[in-house]
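Pasted below: data_18.cif, mmCIF, C-alpha atoms and all ligand atoms.
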data_my_file
#
loop_
_atom_site.label_atom_id
_atom_site.label_comp_id
_atom_site.auth_asym_id
_atom_site.auth_seq_id
_atom_site.Cartn_x
_atom_site.Cartn_y
_atom_site.Cartn_z
CA MET A 1 0.00 0.00 0.00
CA THR A 2 1.31 3.46 -0.92
CA ILE A 3 0.89 6.60 1.21
CA HIS A 4 -1.72 7.81 -1.33
CA GLU A 5 -3.68 4.58 -0.86
CA ALA A 6 -3.29 4.91 2.91
CA ILE A 7 -5.13 8.27 2.78
CA LEU A 8 -8.16 6.48 1.29
CA ALA A 9 -7.93 3.39 3.51
CA ARG A 10 -7.41 5.13 6.89
CA HIS A 11 -10.29 5.52 9.33
CA SER A 12 -10.21 5.82 13.11
CA VAL A 13 -10.24 2.40 14.75
CA ARG A 14 -11.07 2.03 18.45
CA HIS A 15 -11.32 -1.78 18.85
CA TYR A 16 -8.14 -3.83 18.52
CA THR A 17 -7.25 -7.54 18.33
CA ASP A 18 -4.61 -9.13 20.58
CA ALA A 19 -2.07 -9.27 17.72
CA PRO A 20 1.17 -7.66 18.95
CA LEU A 21 3.15 -5.25 16.78
CA THR A 22 5.84 -7.19 14.91
CA THR A 23 9.53 -6.39 15.33
CA GLU A 24 9.60 -5.15 11.75
CA GLN A 25 6.60 -2.85 12.29
CA ILE A 26 8.16 -1.48 15.49
CA GLU A 27 11.50 -0.80 13.81
CA THR A 28 9.88 0.90 10.79
CA LEU A 29 7.67 3.08 13.00
CA LYS A 30 10.56 4.01 15.29
CA ALA A 31 12.76 5.00 12.34
CA GLU A 32 10.01 7.29 10.98
CA MET A 33 9.40 8.77 14.44
CA GLU A 34 13.10 9.51 14.79
CA ARG A 35 13.01 11.38 11.46
CA CYS A 36 9.88 13.28 12.58
CA ASN A 37 11.42 14.15 15.96
CA THR A 38 14.54 15.54 14.29
CA GLU A 39 12.74 17.43 11.53
CA GLY A 40 9.86 18.64 13.69
CA ASN A 41 11.80 19.16 16.94
CA LEU A 42 9.41 16.81 18.74
CA HIS A 43 9.57 14.00 21.29
CA LEU A 44 7.14 11.43 19.82
CA GLN A 45 7.40 8.09 21.64
CA LEU A 46 6.10 4.64 20.77
CA ILE A 47 4.74 2.95 23.90
CA ILE A 48 4.29 -0.80 23.50
CA ASN A 49 2.16 -3.19 25.53
CA GLU A 50 1.03 -0.63 28.11
CA PRO A 51 -2.60 -1.26 29.10
CA ASN A 52 -3.22 1.62 31.54
CA CYS A 53 -3.61 4.53 29.12
CA PHE A 54 -6.84 2.98 27.79
CA GLN A 55 -7.50 0.74 30.81
CA ALA A 56 -7.30 -2.33 28.57
CA GLU A 57 -8.13 -4.66 31.46
CA LYS A 58 -11.65 -3.18 31.53
CA PRO A 59 -13.78 -4.47 28.68
CA HIS A 60 -14.71 -0.93 27.58
CA TYR A 61 -13.02 2.37 28.29
CA GLY A 62 -14.99 5.06 26.56
CA LYS A 63 -15.33 3.85 23.01
CA PHE A 64 -11.98 2.06 23.08
CA GLN A 65 -11.29 -1.65 23.41
CA ASN A 66 -8.02 -3.52 23.84
CA VAL A 67 -5.63 -0.62 23.10
CA ARG A 68 -2.16 -1.74 24.23
CA ASN A 69 0.10 0.36 22.04
CA TYR A 70 0.12 4.08 21.44
CA ILE A 71 2.23 7.01 20.35
CA ALA A 72 2.72 9.76 22.94
CA LEU A 73 2.39 13.22 21.37
CA VAL A 74 5.06 15.08 23.31
CA GLY A 75 7.06 18.19 22.45
CA GLN A 76 8.58 21.34 23.86
CA ARG A 77 6.06 24.05 24.75
CA SER A 78 5.77 26.48 21.83
CA LYS A 79 3.17 28.40 19.85
CA ASP A 80 3.14 25.95 16.94
CA LEU A 81 3.52 22.70 18.94
CA ASP A 82 0.04 21.41 18.01
CA GLU A 83 0.55 22.13 14.30
CA ARG A 84 3.85 20.23 14.29
CA LEU A 85 2.43 17.32 16.31
CA GLY A 86 -0.46 17.11 13.82
CA TYR A 87 1.75 17.23 10.73
CA PHE A 88 4.39 14.76 11.90
CA GLY A 89 1.94 12.55 13.83
CA GLU A 90 0.01 12.06 10.59
CA CYS A 91 3.25 11.04 8.82
CA VAL A 92 3.43 8.16 11.32
CA VAL A 93 -0.31 7.39 11.07
CA LEU A 94 -0.23 7.02 7.28
CA LEU A 95 2.97 4.98 7.42
CA ALA A 96 1.30 2.70 10.00
CA GLN A 97 -1.61 2.21 7.60
CA THR A 98 0.79 1.09 4.86
CA LEU A 99 2.17 -1.49 7.33
CA GLY A 100 -1.30 -2.96 7.78
CA LEU A 101 -1.92 -1.25 11.13
CA ASN A 102 -4.83 0.90 12.30
CA THR A 103 -4.82 4.03 14.42
CA CYS A 104 -6.93 6.61 16.23
CA TRP A 105 -5.88 10.11 17.29
CA VAL A 106 -6.95 10.73 20.89
CA GLY A 107 -6.94 14.18 22.46
CA LEU A 108 -9.30 13.63 25.35
CA THR A 109 -10.49 10.10 26.04
CA TYR A 110 -7.32 8.58 27.48
CA LYS A 111 -5.66 8.39 30.89
CA LYS A 112 -2.32 10.17 31.32
CA THR A 113 0.44 7.66 32.06
CA PRO A 114 3.53 9.78 32.78
CA ASP A 115 5.41 6.76 34.16
CA ALA A 116 5.22 5.02 30.78
CA MET A 117 6.82 7.90 28.85
CA GLN A 118 9.41 10.64 29.09
CA ILE A 119 8.11 14.18 29.47
CA LEU A 120 10.89 16.69 30.18
CA PRO A 121 10.14 19.75 32.36
CA ASP A 122 9.72 22.10 29.36
CA GLU A 123 7.61 19.60 27.40
CA ARG A 124 3.89 18.88 27.14
CA LEU A 125 1.89 15.74 26.44
CA ARG A 126 -0.91 16.86 24.07
CA GLY A 127 -2.53 13.50 23.33
CA VAL A 128 -1.83 10.02 22.05
CA ILE A 129 -2.44 7.94 18.93
CA ALA A 130 -3.76 4.42 19.55
CA ILE A 131 -2.07 1.92 17.24
CA GLY A 132 -2.47 -1.80 16.53
CA THR A 133 -4.35 -4.33 14.42
CA GLY A 134 -7.99 -3.29 14.29
CA VAL A 135 -10.89 -5.68 14.68
CA ASP A 136 -12.00 -3.98 11.45
CA GLY A 137 -10.78 -1.08 9.32
CA GLY A 138 -13.24 1.55 10.60
CA VAL A 139 -15.75 3.53 8.54
CA GLN A 140 -15.58 6.58 6.27
CA HIS A 141 -16.55 9.80 8.08
CA LYS A 142 -19.13 12.29 6.77
CA SER A 143 -17.44 15.21 5.09
CA LYS A 144 -17.89 18.91 4.41
CA SER A 145 -17.89 19.98 0.76
CA PHE A 146 -14.90 21.37 -1.16
CA GLU A 147 -16.62 24.79 -1.23
CA ALA A 148 -17.10 24.82 2.55
CA VAL A 149 -13.34 24.58 3.22
CA THR A 150 -11.81 26.70 0.43
CA GLU A 151 -11.33 30.34 -0.56
CA GLY A 152 -10.26 31.63 -3.97
CA LYS A 153 -11.10 30.88 -7.60
CA ASP A 154 -9.75 29.13 -10.71
CA PHE A 155 -8.38 26.31 -8.57
CA PRO A 156 -5.82 24.16 -10.40
CA GLU A 157 -6.17 20.38 -10.37
CA TRP A 158 -3.33 19.89 -7.88
CA PHE A 159 -5.11 22.17 -5.37
CA GLN A 160 -8.39 20.29 -5.82
CA LYS A 161 -6.62 16.95 -5.25
CA GLY A 162 -4.97 18.34 -2.12
CA VAL A 163 -8.26 19.55 -0.63
CA ALA A 164 -9.99 16.23 -1.46
CA ALA A 165 -7.28 14.42 0.52
CA ALA A 166 -7.53 16.95 3.38
CA LEU A 167 -11.25 16.20 3.62
CA LEU A 168 -10.36 12.51 4.19
CA ALA A 169 -8.09 13.38 7.13
CA PRO A 170 -8.96 12.81 10.78
CA THR A 171 -10.03 15.90 12.73
CA ALA A 172 -11.18 16.17 16.35
CA ILE A 173 -14.88 15.23 16.56
CA ASN A 174 -14.80 15.32 12.74
CA GLN A 175 -15.07 19.11 12.95
CA GLN A 176 -13.12 19.87 9.74
CA LYS A 177 -12.58 23.46 10.89
CA PHE A 178 -9.94 24.48 8.38
CA ARG A 179 -9.86 26.58 5.25
CA PHE A 180 -7.44 26.30 2.34
CA SER A 181 -6.84 29.45 0.25
CA TYR A 182 -5.51 29.68 -3.29
CA LYS A 183 -4.20 32.96 -4.67
CA GLU A 184 -1.62 33.67 -7.37
CA ASP A 185 -0.43 30.06 -7.42
CA GLN A 186 0.13 30.11 -3.64
CA VAL A 187 -1.63 27.96 -1.07
CA SER A 188 -2.17 28.60 2.63
CA VAL A 189 -4.35 27.05 5.30
CA LYS A 190 -5.97 28.49 8.43
CA ALA A 191 -7.60 26.90 11.46
CA GLY A 192 -11.08 27.86 12.62
CA LEU A 193 -12.13 27.89 16.27
CA GLY A 194 -12.45 24.52 18.00
CA PHE A 195 -10.80 21.97 20.29
CA PHE A 196 -7.55 20.74 18.76
CA ALA A 197 -8.17 22.82 15.62
CA HIS A 198 -4.44 23.57 15.36
CA MET A 199 -3.50 19.90 15.61
CA ASP A 200 -6.09 19.21 12.92
CA LEU A 201 -4.43 21.91 10.83
CA GLY A 202 -1.10 20.06 10.74
CA ILE A 203 -2.87 16.77 9.95
CA VAL A 204 -4.89 18.13 7.02
CA ALA A 205 -1.87 20.03 5.67
CA TYR A 206 0.10 16.78 5.47
CA HIS A 207 -2.71 15.09 3.52
CA PHE A 208 -2.89 18.10 1.18
CA GLU A 209 0.86 17.99 0.52
CA ILE A 210 0.91 14.27 -0.24
CA ALA A 211 -1.99 14.44 -2.69
CA SER A 212 -1.12 17.76 -4.37
CA GLY A 213 2.66 17.33 -4.51
CA HIS A 214 2.97 20.92 -3.16
CA SER A 215 4.84 21.38 0.12
CA PHE A 216 4.04 24.63 1.86
CA PHE A 217 3.08 23.99 5.44
CA LEU A 218 6.38 23.91 7.32
CA ASN A 219 7.40 27.13 5.55
CA GLN A 220 4.09 28.68 6.55
CA LEU A 221 4.91 27.76 10.17
CA ARG A 222 8.47 29.04 9.92
CA THR A 223 7.27 32.39 8.59
CA GLY A 224 4.71 32.48 11.41
CA LYS A 225 1.60 32.86 9.21
CA SER A 226 -0.49 30.09 10.76
C1 LIG B 301 -6.68 15.93 17.28
C2 LIG B 301 -7.70 14.82 17.36
C3 LIG B 301 -8.21 14.43 18.59
C4 LIG B 301 -9.11 13.37 18.68
N1 LIG B 301 -9.57 12.97 19.93
C5 LIG B 301 -10.39 11.90 20.03
C6 LIG B 301 -10.80 11.43 21.32
O1 LIG B 301 -10.44 12.00 22.35
N2 LIG B 301 -11.59 10.33 21.38
C7 LIG B 301 -12.01 9.66 20.26
O2 LIG B 301 -12.72 8.66 20.38
N3 LIG B 301 -11.63 10.09 19.00
C8 LIG B 301 -10.84 11.17 18.87
N4 LIG B 301 -10.43 11.61 17.61
C9 LIG B 301 -10.85 10.89 16.39
C10 LIG B 301 -11.91 11.67 15.60
O3 LIG B 301 -13.17 11.54 16.25
C11 LIG B 301 -11.97 11.15 14.16
O4 LIG B 301 -10.74 11.38 13.53
C12 LIG B 301 -13.07 11.82 13.36
O5 LIG B 301 -14.35 11.48 13.85
C13 LIG B 301 -13.00 11.46 11.87
O6 LIG B 301 -13.10 10.08 11.67
P1 LIG B 301 -11.96 9.24 10.93
O7 LIG B 301 -10.68 9.44 11.70
O8 LIG B 301 -12.47 7.81 10.98
O9 LIG B 301 -11.84 9.76 9.53
C14 LIG B 301 -9.54 12.69 17.50
C15 LIG B 301 -9.04 13.10 16.25
C16 LIG B 301 -8.12 14.14 16.18
C17 LIG B 301 -7.56 14.52 14.85
#
Starting from the coordinates I provided, produce the structure as structure tokens.
Ligand SMILES: Cc1cc2nc3c(=O)[nH]c(=O)nc-3n(C[C@H](O)[C@H](O)[C@H](O)COP(=O)(O)O)c2cc1C
Amino acid sequence: MTIHEAILARHSVRHYTDAPLTTEQIETLKAEMERCNTEGNLHLQLIINEPNCFQAEKPHYGKFQNVRNYIALVGQRSKDLDERLGYFGECVVLLAQTLGLNTCWVGLTYKKTPDAMQILPDERLRGVIAIGTGVDGGVQHKSKSFEAVTEGKDFPEWFQKGVAAALLAPTAINQQKFRFSYKEDQVSVKAGLGFFAHMDLGIVAYHFEIASGHSFFLNQLRTGKS
């Protein structure tokens, strides 16, 4: 499965089988997380076989079942931390999908387990991503229209492809509170108001970049326009 195919195949999965992550899957994920941590100045961590975060010993914890592995979304406090966690976290999510794994971003419905991870004094834990072999592959979410999330006119095909992929991305409570703008061959994206809207922004920007072939988001962050 390619990353493009992973965009179509990915849905949030909250029920997992007992199948452990394989050594190969762990090594591939860790290598990608190392790249993301270096490039994004983050402290993403893969936590394996740790049942407390989702209380796996209880049959149901919220909507989750049998989550034993997760990625801790940790990074140094900064204005654009959520955007970077979203962008680089989604790199790992889509890679996981290509490895035959399923995932779910979790901002609220988990228990903090500081003993299972490393959080330095100037760092924050902003959420986790559940990861494992799903009981099923999840379902396609309902989506806003292209028009509802764009500004501009005479959109080129690459921009349309990018927005279509962004509309397939996970967002907190499926809020899709983002808006892509196209003007004079330039693209930008803004977050609306909502819980985790800035983490969503990084996630949807990564989908846009993969499908459109146009990288813009990290530069937008570096120039402080987000
Ligand atoms: C930043 C973020 C936080 C999320 N937090 C939670 C959560 O706390 N609990 C939960 O069950 N799902 C959570 N989700 C999953 C969303 O509900 C899900 O992505 C959305 O409904 C779209 O569905 P899909 O991922 O299957 O496309 C979160 C997603 C994102 C992107």
Could you give me, as a CSV table (one decimal) with C-alpha atoms, keeping the file's coordinate frame, every polymer residue with an atom at most 10 Å away from an atom of ligand LIG 301 (chain B), counting all atoms listed in the file?
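Listing of out_7.csv after writing:
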chain,number,residue,atom,x,y,z
A,7,ILE,CA,-5.1,8.3,2.8
A,8,LEU,CA,-8.2,6.5,1.3
A,9,ALA,CA,-7.9,3.4,3.5
A,10,ARG,CA,-7.4,5.1,6.9
A,11,HIS,CA,-10.3,5.5,9.3
A,12,SER,CA,-10.2,5.8,13.1
A,13,VAL,CA,-10.2,2.4,14.8
A,14,ARG,CA,-11.1,2.0,18.4
A,62,GLY,CA,-15.0,5.1,26.6
A,63,LYS,CA,-15.3,3.8,23.0
A,64,PHE,CA,-12.0,2.1,23.1
A,82,ASP,CA,0.0,21.4,18.0
A,83,GLU,CA,0.6,22.1,14.3
A,85,LEU,CA,2.4,17.3,16.3
A,86,GLY,CA,-0.5,17.1,13.8
A,89,GLY,CA,1.9,12.6,13.8
A,90,GLU,CA,0.0,12.1,10.6
A,103,THR,CA,-4.8,4.0,14.4
A,104,CYS,CA,-6.9,6.6,16.2
A,105,TRP,CA,-5.9,10.1,17.3
A,106,VAL,CA,-7.0,10.7,20.9
A,107,GLY,CA,-6.9,14.2,22.5
A,108,LEU,CA,-9.3,13.6,25.4
A,109,THR,CA,-10.5,10.1,26.0
A,110,TYR,CA,-7.3,8.6,27.5
A,126,ARG,CA,-0.9,16.9,24.1
A,127,GLY,CA,-2.5,13.5,23.3
A,128,VAL,CA,-1.8,10.0,22.0
A,129,ILE,CA,-2.4,7.9,18.9
A,130,ALA,CA,-3.8,4.4,19.6
A,137,GLY,CA,-10.8,-1.1,9.3
A,138,GLY,CA,-13.2,1.6,10.6
A,139,VAL,CA,-15.8,3.5,8.5
A,140,GLN,CA,-15.6,6.6,6.3
A,141,HIS,CA,-16.6,9.8,8.1
A,142,LYS,CA,-19.1,12.3,6.8
A,143,SER,CA,-17.4,15.2,5.1
A,167,LEU,CA,-11.2,16.2,3.6
A,168,LEU,CA,-10.4,12.5,4.2
A,169,ALA,CA,-8.1,13.4,7.1
A,170,PRO,CA,-9.0,12.8,10.8
A,171,THR,CA,-10.0,15.9,12.7
A,172,ALA,CA,-11.2,16.2,16.4
A,173,ILE,CA,-14.9,15.2,16.6
A,174,ASN,CA,-14.8,15.3,12.7
A,175,GLN,CA,-15.1,19.1,13.0
A,176,GLN,CA,-13.1,19.9,9.7
A,195,PHE,CA,-10.8,22.0,20.3
A,196,PHE,CA,-7.6,20.7,18.8
A,197,ALA,CA,-8.2,22.8,15.6
A,198,HIS,CA,-4.4,23.6,15.4
A,199,MET,CA,-3.5,19.9,15.6
A,200,ASP,CA,-6.1,19.2,12.9
A,201,LEU,CA,-4.4,21.9,10.8
A,202,GLY,CA,-1.1,20.1,10.7
A,203,ILE,CA,-2.9,16.8,10.0
A,204,VAL,CA,-4.9,18.1,7.0
> Please, which residues are within 8 Å of (1.1, 18.0, 24.9) by the file's coordinates, counting all atoms listed in the file, and could they come as a VMD selection string?
Replying inline: chain A and resid 73 to 75 77 81 to 82 123 to 127
>> Give me, as a ChimeraX atom specification, all polymer residues having an atom no more than 8 Å from Gly192 (chain A), counting all atoms listed in the file and skipping those fewer than 4 positions away in the same chain.
In response: /A:177-179,197
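One finds CA of Cys91 (chain A) at 13.4 Å from CA of Phe217 (chain A).
Taking CA of Leu95 (chain A) and CA of Glu209 (chain A) as endpoints, the distance between them is 14.9 Å.
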>> Residues within 8 Å of (-13.0, -6.0, 13.1), file coordinates, counting all atoms listed in the file: what are they? Give the list as a list of chain:residue names.
In response: A:His15, A:Tyr16, A:Thr17, A:Gly134, A:Val135, A:Asp136, A:Gly137, A:Gly138
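Here CA of Asn69 (chain A) and CA of Glu27 (chain A) stand 14.1 Å from one another.
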> Pick from A:Ile47, A:Ile210, A:Val187, A:Val149: nearest to Lys161 (chain A), with all atoms listed in the file counted?
Replying inline: A:Ile210
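Minimum distance to Gln118 (chain A) across A:Ser181, A:His43, A:Ala205, A:Asn52 (counting all atoms listed in the file) occurs at A:His43.
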>> Please list as an NGL selection string every residue within 10 Å of Phe159 (chain A), counting all atoms listed in the file and excluding residues in the same chain fewer than 4 positions away.
In response: :A and (150 or 154-155 or 163-165 or 180-182 or 185-187 or 208-209 or 211-214)
> Which residue gives the smallest distance to Asp80 (chain A) among A:Cys36, A:Ala31, A:Leu42, A:Met1, with all atoms listed in the file counted?
Replying inline: A:Leu42
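Proximity of A:Ile119, A:Ala6, A:Leu101, A:Leu29 to His207 (chain A), computed with all atoms listed in the file, is greatest for A:Ala6.
For the residues A:Leu218, A:Gln76, A:Gly162, A:Thr133, ranking by smallest atom-to-atom distance to Pro121 (chain A) using all atoms listed in the file places A:Gln76 first.
With all atoms listed in the file as the atoms that count, the minimum distance from Phe88 (chain A) to the choices A:Asp122, A:Glu39, A:Glu50, A:Glu5 is reached by A:Glu39.
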